[in-house]
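**Q** Handing you this structure, nothing more for now.
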Amino acid sequence: NHHMVIHWGRFIGNKNNSAGDAPLDEKASLVGRIGILMLSCGTGAWRVREAMNTIARNLGVTCSADIGLISIQYTCFTEDLSYTQVLSLPKTGVNTEKLDIMERFVKDFEQKYASMPVRQIHRLLDDIQRKPGIYSTLQAALGAALACSAFVFLLGGGPIEMICSFVGAGAGNFTRRQLINHKTTTLVCTAAGVAVACVFYLLLLSGLELLFSISRQHEVGYIGAMLFVVPGFPFITSMLDLSKSDMRSGLERLSYALMITIVATLVGWLVALLVHFRPGNFLPLGLTDLEMMLFRIPASFCGVFGFSIMFNSPRNMAILSGLIGAVANTTRLELVDLTNIPAAAAAFIGALTAGILASFINRR
């Protein structure tokens with residue numbers, strides 16, 4: 001990590017003026033810091049820019065920002081002055097709890113914080129920045145294990161694939177999180193996590209094969225043990241940013257997501273090559289349409305709930321996300337199975353359902 005730590009307190013004068021009466025450079029430091037904190041949570045450029053604009057308007061300045069995946073270049077203006085800063089992050093990640101805190105902070109800024117001294121506001125932001133994750137490395141690993149085993153079932157796997165994916169994904173995400181905590185580079189974290197997940201899946205499957213003489217065809221489920229590295233947040237935010245003409249952020253996020261996906265795919269392929277995996281199709285589960293639907297509902301809930309834990313969502317937020325996912329994803333899968341709707345159209349309907357439900361719950 002070659003990024004120098006920014007000591008925000010050193011850029012603040014000794015006066016105790018309120019934020020609204022502070023010099024331009026101090027106002028700009030607040031705008032930029034709130035923006036970079038939002039960006040560190042993994043949200044898209046349009047959301048970061050919206051937060052920065054809100055703070056700038058409350059402080060009586062104009063802000064123009066160019067936002068990427070891990071950096072912000074911005075200028076704040078008054079009638080006769082301008083102040084420019086460039087801020088960057090050492091890495092990207094997803095933290096939905098911190099994002100929720102920052103959104104509330106921005107929403108309440110005018111009423112609660114604008115009259116405070118700049119130094120005091122920075123202390124509040126220090127507390128937010130240093131806030132530890134809700135879940136331990138082990139809990140995050142269990143969240144990944146739950147999510148991946150659930151999604152293996154949704155892809156067509158059975159109990160054997162689910163058990164092996166649970167163990168593999170849990171071990172893989174535990175390894176990846178440990179490396180992240182030691183500030184290891186992203187590609188190494190991804191490659192090591194996928195390799196460990198595949199190896200643990202293989203070891204458990206081999207043990208079950210020796211003990212219970214199960215079919216070797218269950219090896220197809222090893223792909224499910226890798227799902228915890230799929231960069232869903234960057235993929236989605238890249239499309240949102242591109243749709244809003246935030247081209248720099250959208251293309252950087254898309255490149256990052258493709259990089260992670262390619263590395264994970266290559267490592268998974270290499271492990272399969274070394275251990276002579278020949279994955280084909282999942283074995284038929286022999287479930288009726290009704291039984292499949294009834295199993296898909298809890299599996300969809302567990303999948304979304306587990307990934308929400310990985311993204312550091314508070315428990316209530318994770319439960320609500322899981323309930324939305326249970327409805328939306330089951331709807332998508334049932335449309336594919338029971339109608340002639342193409343898979344892409346069903347995915348659109350499922351995503352639209354999730355968005356409508358999330359919007360409704362958020363307003364409530």
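Chain labels run A, B, ... following the order of the structure tokens; each chain numbers its residues from 1, and ligands are numbered from 1 in the order shown.
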Ser136 (chain A): which residues within 10 Å, counting only C-alpha atoms, same-chain residues fewer than 3 positions away excluded, as a VMD selection string?

**A** chain A and resid 132 to 133 139 to 142 174 177 312

**Q** Residues of the last selection are to be written out with C-alpha atoms, as a PDB file, in the first residue's frame.

**A**
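File written: selection_15.pdb
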ATOM      1  CA  PRO A 132     -14.999  -1.604  11.956  1.00  0.00           C
ATOM      2  CA  GLY A 133     -17.031  -4.108   9.989  1.00  0.00           C
ATOM      3  CA  GLN A 139     -18.829 -14.755   9.887  1.00  0.00           C
ATOM      4  CA  ALA A 140     -18.173 -13.302   6.430  1.00  0.00           C
ATOM      5  CA  ALA A 141     -16.834 -16.710   5.354  1.00  0.00           C
ATOM      6  CA  LEU A 142     -20.006 -18.389   6.603  1.00  0.00           C
ATOM      7  CA  PHE A 174     -11.874 -16.892   4.692  1.00  0.00           C
ATOM      8  CA  ARG A 177     -10.455 -11.958   3.699  1.00  0.00           C
ATOM      9  CA  ASN A 312     -21.307  -5.846   5.642  1.00  0.00           C
TER      10      ASN A 312
END

**Q** Might you pull out every residue within 10 Å of region 18-20 of chain A, with only C-alpha atoms counted and same-chain residues fewer than 2 positions away left off, and present them as a ChimeraX atom specification?

**A** /A:15-16,22-24,26-27,30,56,58-61,110,113-121

**Q** For region 346-348 of chain A, work out the shell of residues within 10 Å, counting only C-alpha atoms and skipping chain neighbours fewer than 5 positions away, then give it as a list in words.

**A**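 Listing them by chain and then by number gives Ala328, Asn329, Thr331, Arg332, Leu333, Glu334, Leu335, Val336, Thr339, Asn340, Ile341, Thr353 and Ala354 of chain A.
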
**Q** Let me make sure I understand: among A:Leu99, A:Ala257, A:Ala299, A:Leu294, which one has the smallest atom-to-atom distance to Ile128 (chain A) if we use only C-alpha atoms?

**A**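 With only C-alpha atoms as the atom set, the closest residue is A:Leu99.
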
**Q** Neighbours of Leu179 (chain A) within 12 Å (only C-alpha atoms; same-chain residues fewer than 2 positions away dropped), as an mmCIF file with all heavy atoms, in the first residue's frame?

**A**
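This is the output file out23.cif:
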data_model
loop_
_atom_site.group_PDB
_atom_site.id
_atom_site.type_symbol
_atom_site.label_atom_id
_atom_site.label_comp_id
_atom_site.auth_asym_id
_atom_site.auth_seq_id
_atom_site.Cartn_x
_atom_site.Cartn_y
_atom_site.Cartn_z
ATOM 1 N N THR A 137 -14.132 -12.127 10.204
ATOM 2 C CA THR A 137 -13.717 -12.859 9.006
ATOM 3 C C THR A 137 -14.436 -14.203 8.906
ATOM 4 O O THR A 137 -14.862 -14.621 7.823
ATOM 5 C CB THR A 137 -12.196 -13.078 9.026
ATOM 6 O OG1 THR A 137 -11.544 -11.807 9.067
ATOM 7 C CG2 THR A 137 -11.731 -13.833 7.795
ATOM 8 N N GLY A 172 -12.527 -20.583 0.948
ATOM 9 C CA GLY A 172 -11.976 -19.634 -0.012
ATOM 10 C C GLY A 172 -12.150 -18.195 0.416
ATOM 11 O O GLY A 172 -11.211 -17.388 0.327
ATOM 12 N N ASN A 173 -13.346 -17.843 0.900
ATOM 13 C CA ASN A 173 -13.567 -16.459 1.310
ATOM 14 C C ASN A 173 -12.828 -16.133 2.600
ATOM 15 O O ASN A 173 -12.382 -14.998 2.792
ATOM 16 C CB ASN A 173 -15.057 -16.184 1.484
ATOM 17 C CG ASN A 173 -15.362 -14.699 1.508
ATOM 18 O OD1 ASN A 173 -14.862 -13.930 0.698
ATOM 19 N ND2 ASN A 173 -16.174 -14.269 2.467
ATOM 20 N N PHE A 174 -12.669 -17.111 3.477
ATOM 21 C CA PHE A 174 -11.874 -16.892 4.692
ATOM 22 C C PHE A 174 -10.431 -16.560 4.313
ATOM 23 O O PHE A 174 -9.833 -15.616 4.848
ATOM 24 C CB PHE A 174 -11.919 -18.134 5.575
ATOM 25 C CG PHE A 174 -11.199 -17.972 6.886
ATOM 26 C CD1 PHE A 174 -11.838 -17.421 7.982
ATOM 27 C CD2 PHE A 174 -9.876 -18.364 7.026
ATOM 28 C CE1 PHE A 174 -11.173 -17.257 9.204
ATOM 29 C CE2 PHE A 174 -9.194 -18.203 8.228
ATOM 30 C CZ PHE A 174 -9.857 -17.653 9.314
ATOM 31 N N THR A 175 -9.889 -17.318 3.360
ATOM 32 C CA THR A 175 -8.521 -17.062 2.888
ATOM 33 C C THR A 175 -8.416 -15.678 2.258
ATOM 34 O O THR A 175 -7.478 -14.919 2.527
ATOM 35 C CB THR A 175 -8.111 -18.132 1.867
ATOM 36 O OG1 THR A 175 -8.191 -19.428 2.476
ATOM 37 C CG2 THR A 175 -6.699 -17.882 1.355
ATOM 38 N N ARG A 176 -9.381 -15.361 1.400
ATOM 39 C CA ARG A 176 -9.338 -14.060 0.721
ATOM 40 C C ARG A 176 -9.419 -12.920 1.726
ATOM 41 O O ARG A 176 -8.687 -11.923 1.619
ATOM 42 C CB ARG A 176 -10.487 -13.962 -0.282
ATOM 43 C CG ARG A 176 -10.433 -12.708 -1.128
ATOM 44 C CD ARG A 176 -11.571 -12.646 -2.115
ATOM 45 N NE ARG A 176 -12.857 -12.464 -1.453
ATOM 46 C CZ ARG A 176 -13.857 -11.725 -1.928
ATOM 47 N NH1 ARG A 176 -13.716 -11.111 -3.100
ATOM 48 N NH2 ARG A 176 -14.986 -11.615 -1.279
ATOM 49 N N ARG A 177 -10.314 -13.024 2.708
ATOM 50 C CA ARG A 177 -10.455 -11.958 3.699
ATOM 51 C C ARG A 177 -9.198 -11.800 4.544
ATOM 52 O O ARG A 177 -8.814 -10.679 4.888
ATOM 53 C CB ARG A 177 -11.657 -12.250 4.608
ATOM 54 C CG ARG A 177 -13.006 -11.985 3.981
ATOM 55 C CD ARG A 177 -13.278 -10.505 3.813
ATOM 56 N NE ARG A 177 -13.359 -9.832 5.089
ATOM 57 C CZ ARG A 177 -14.503 -9.597 5.742
ATOM 58 N NH1 ARG A 177 -15.655 -9.994 5.214
ATOM 59 N NH2 ARG A 177 -14.513 -8.983 6.902
ATOM 60 N N ASN A 181 -7.029 -8.394 4.772
ATOM 61 C CA ASN A 181 -6.663 -7.774 6.052
ATOM 62 C C ASN A 181 -5.164 -7.504 6.142
ATOM 63 O O ASN A 181 -4.738 -6.592 6.864
ATOM 64 C CB ASN A 181 -7.098 -8.669 7.215
ATOM 65 C CG ASN A 181 -8.611 -8.762 7.336
ATOM 66 O OD1 ASN A 181 -9.336 -7.901 6.833
ATOM 67 N ND2 ASN A 181 -9.099 -9.795 7.998
ATOM 68 N N HIS A 182 -4.373 -8.278 5.415
ATOM 69 C CA HIS A 182 -2.922 -8.066 5.389
ATOM 70 C C HIS A 182 -2.496 -7.193 4.211
ATOM 71 O O HIS A 182 -1.308 -7.146 3.867
ATOM 72 C CB HIS A 182 -2.196 -9.415 5.336
ATOM 73 C CG HIS A 182 -2.232 -10.170 6.627
ATOM 74 N ND1 HIS A 182 -3.278 -11.019 6.980
ATOM 75 C CD2 HIS A 182 -1.369 -10.203 7.678
ATOM 76 C CE1 HIS A 182 -3.040 -11.543 8.169
ATOM 77 N NE2 HIS A 182 -1.888 -11.069 8.623
ATOM 78 N N LYS A 183 -3.495 -6.515 3.584
ATOM 79 C CA LYS A 183 -3.234 -5.544 2.513
ATOM 80 C C LYS A 183 -2.530 -6.176 1.310
ATOM 81 O O LYS A 183 -1.671 -5.563 0.674
ATOM 82 C CB LYS A 183 -2.434 -4.352 3.050
ATOM 83 C CG LYS A 183 -3.180 -3.545 4.110
ATOM 84 C CD LYS A 183 -2.367 -2.353 4.585
ATOM 85 C CE LYS A 183 -3.194 -1.444 5.505
ATOM 86 N NZ LYS A 183 -3.744 -2.121 6.682
ATOM 87 N N THR A 184 -2.906 -7.410 1.008
ATOM 88 C CA THR A 184 -2.393 -8.072 -0.190
ATOM 89 C C THR A 184 -3.124 -7.543 -1.418
ATOM 90 O O THR A 184 -4.296 -7.179 -1.352
ATOM 91 C CB THR A 184 -2.584 -9.591 -0.074
ATOM 92 O OG1 THR A 184 -2.047 -10.036 1.169
ATOM 93 C CG2 THR A 184 -1.890 -10.326 -1.215
ATOM 94 N N THR A 185 -2.451 -7.523 -2.554
ATOM 95 C CA THR A 185 -3.040 -6.983 -3.764
ATOM 96 C C THR A 185 -4.287 -7.760 -4.187
ATOM 97 O O THR A 185 -4.418 -8.965 -3.915
ATOM 98 C CB THR A 185 -2.007 -6.993 -4.913
ATOM 99 O OG1 THR A 185 -2.581 -6.369 -6.056
ATOM 100 C CG2 THR A 185 -1.606 -8.407 -5.275
ATOM 101 N N THR A 186 -5.196 -7.083 -4.881
ATOM 102 C CA THR A 186 -6.508 -7.638 -5.204
ATOM 103 C C THR A 186 -6.415 -8.931 -6.006
ATOM 104 O O THR A 186 -7.134 -9.903 -5.734
ATOM 105 C CB THR A 186 -7.332 -6.608 -5.986
ATOM 106 O OG1 THR A 186 -7.483 -5.433 -5.191
ATOM 107 C CG2 THR A 186 -8.715 -7.157 -6.333
ATOM 108 N N LEU A 187 -5.561 -8.960 -7.015
ATOM 109 C CA LEU A 187 -5.475 -10.140 -7.872
ATOM 110 C C LEU A 187 -4.994 -11.371 -7.107
ATOM 111 O O LEU A 187 -5.482 -12.477 -7.321
ATOM 112 C CB LEU A 187 -4.552 -9.864 -9.058
ATOM 113 C CG LEU A 187 -5.056 -8.838 -10.079
ATOM 114 C CD1 LEU A 187 -4.088 -8.738 -11.257
ATOM 115 C CD2 LEU A 187 -6.443 -9.200 -10.583
ATOM 116 N N VAL A 188 -4.046 -11.172 -6.197
ATOM 117 C CA VAL A 188 -3.555 -12.293 -5.388
ATOM 118 C C VAL A 188 -4.659 -12.789 -4.464
ATOM 119 O O VAL A 188 -4.851 -14.006 -4.304
ATOM 120 C CB VAL A 188 -2.310 -11.880 -4.588
ATOM 121 C CG1 VAL A 188 -1.900 -12.984 -3.620
ATOM 122 C CG2 VAL A 188 -1.155 -11.551 -5.525
ATOM 123 N N CYS A 189 -5.395 -11.862 -3.866
ATOM 124 C CA CYS A 189 -6.505 -12.244 -2.983
ATOM 125 C C CYS A 189 -7.530 -13.073 -3.744
ATOM 126 O O CYS A 189 -8.008 -14.104 -3.264
ATOM 127 C CB CYS A 189 -7.177 -11.006 -2.398
ATOM 128 S SG CYS A 189 -6.155 -10.047 -1.261
ATOM 129 N N THR A 190 -7.871 -12.610 -4.953
ATOM 130 C CA THR A 190 -8.865 -13.314 -5.764
ATOM 131 C C THR A 190 -8.372 -14.694 -6.175
ATOM 132 O O THR A 190 -9.081 -15.695 -6.019
ATOM 133 C CB THR A 190 -9.196 -12.485 -7.017
ATOM 134 O OG1 THR A 190 -9.687 -11.204 -6.626
ATOM 135 C CG2 THR A 190 -10.241 -13.188 -7.873
ATOM 136 N N ALA A 191 -7.148 -14.751 -6.691
ATOM 137 C CA ALA A 191 -6.602 -16.024 -7.165
ATOM 138 C C ALA A 191 -6.472 -17.031 -6.018
ATOM 139 O O ALA A 191 -6.840 -18.210 -6.165
ATOM 140 C CB ALA A 191 -5.242 -15.791 -7.819
ATOM 141 N N ALA A 192 -5.972 -16.581 -4.878
ATOM 142 C CA ALA A 192 -5.797 -17.483 -3.742
ATOM 143 C C ALA A 192 -7.144 -17.966 -3.219
ATOM 144 O O ALA A 192 -7.314 -19.154 -2.895
ATOM 145 C CB ALA A 192 -5.023 -16.779 -2.632
ATOM 146 N N GLY A 193 -8.123 -17.059 -3.132
ATOM 147 C CA GLY A 193 -9.443 -17.444 -2.650
ATOM 148 C C GLY A 193 -10.095 -18.493 -3.537
ATOM 149 O O GLY A 193 -10.652 -19.485 -3.050
#

**Q** Calculated over only C-alpha atoms, which of the candidates A:Ile297, A:Met226, A:Ile55, A:Cys41 has the smallest distance to Gln111 (chain A)?

**A** A:Ile55

**Q** Using only C-alpha atoms, determine which residues lie at most 10 Å from Leu204 (chain A), disregarding the query and same-chain residues fewer than 2 positions distant; provide the list as an MDAnalysis selection string.

**A** chainID A and resid 160 163:165 167:168 199:202 206:210

**Q** CA of Arg130 (chain A) to CA of Leu37 (chain A): how many Å, to one decimal?

**A**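 Straight-line distance from CA of Arg130 (chain A) to CA of Leu37 (chain A) works out to 10.8 Å.
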
**Q** Using only C-alpha atoms, which residues sit within 12 Å of Leu270 (chain A) once same-chain residues fewer than 5 positions away are excluded, as a list in words?

**A** Ala191, Val194, Ala195, Cys198, Val199, Val263, Ala264, Thr265, Val275, His276 and Phe277 of chain A

**Q** With DSSP run on the backbone, what are the helix (DSSP H, G or I) residues within region 120-302 of chain A? I'd like them as a VMD selection string.

**A** chain A and resid 120 to 130 137 to 155 159 to 181 186 to 212 216 to 229 232 to 243 247 to 274 289 to 302

**Q** Would you work out the distance separating CA of Ala51 (chain A) from CA of Met102 (chain A), expressed in Å to one decimal?

**A** 8.9 Å

**Q** Find the distance between CA of Arg315 (chain A) and CA of Tyr135 (chain A) and write it in Å to one decimal.

**A** 10.1 Å
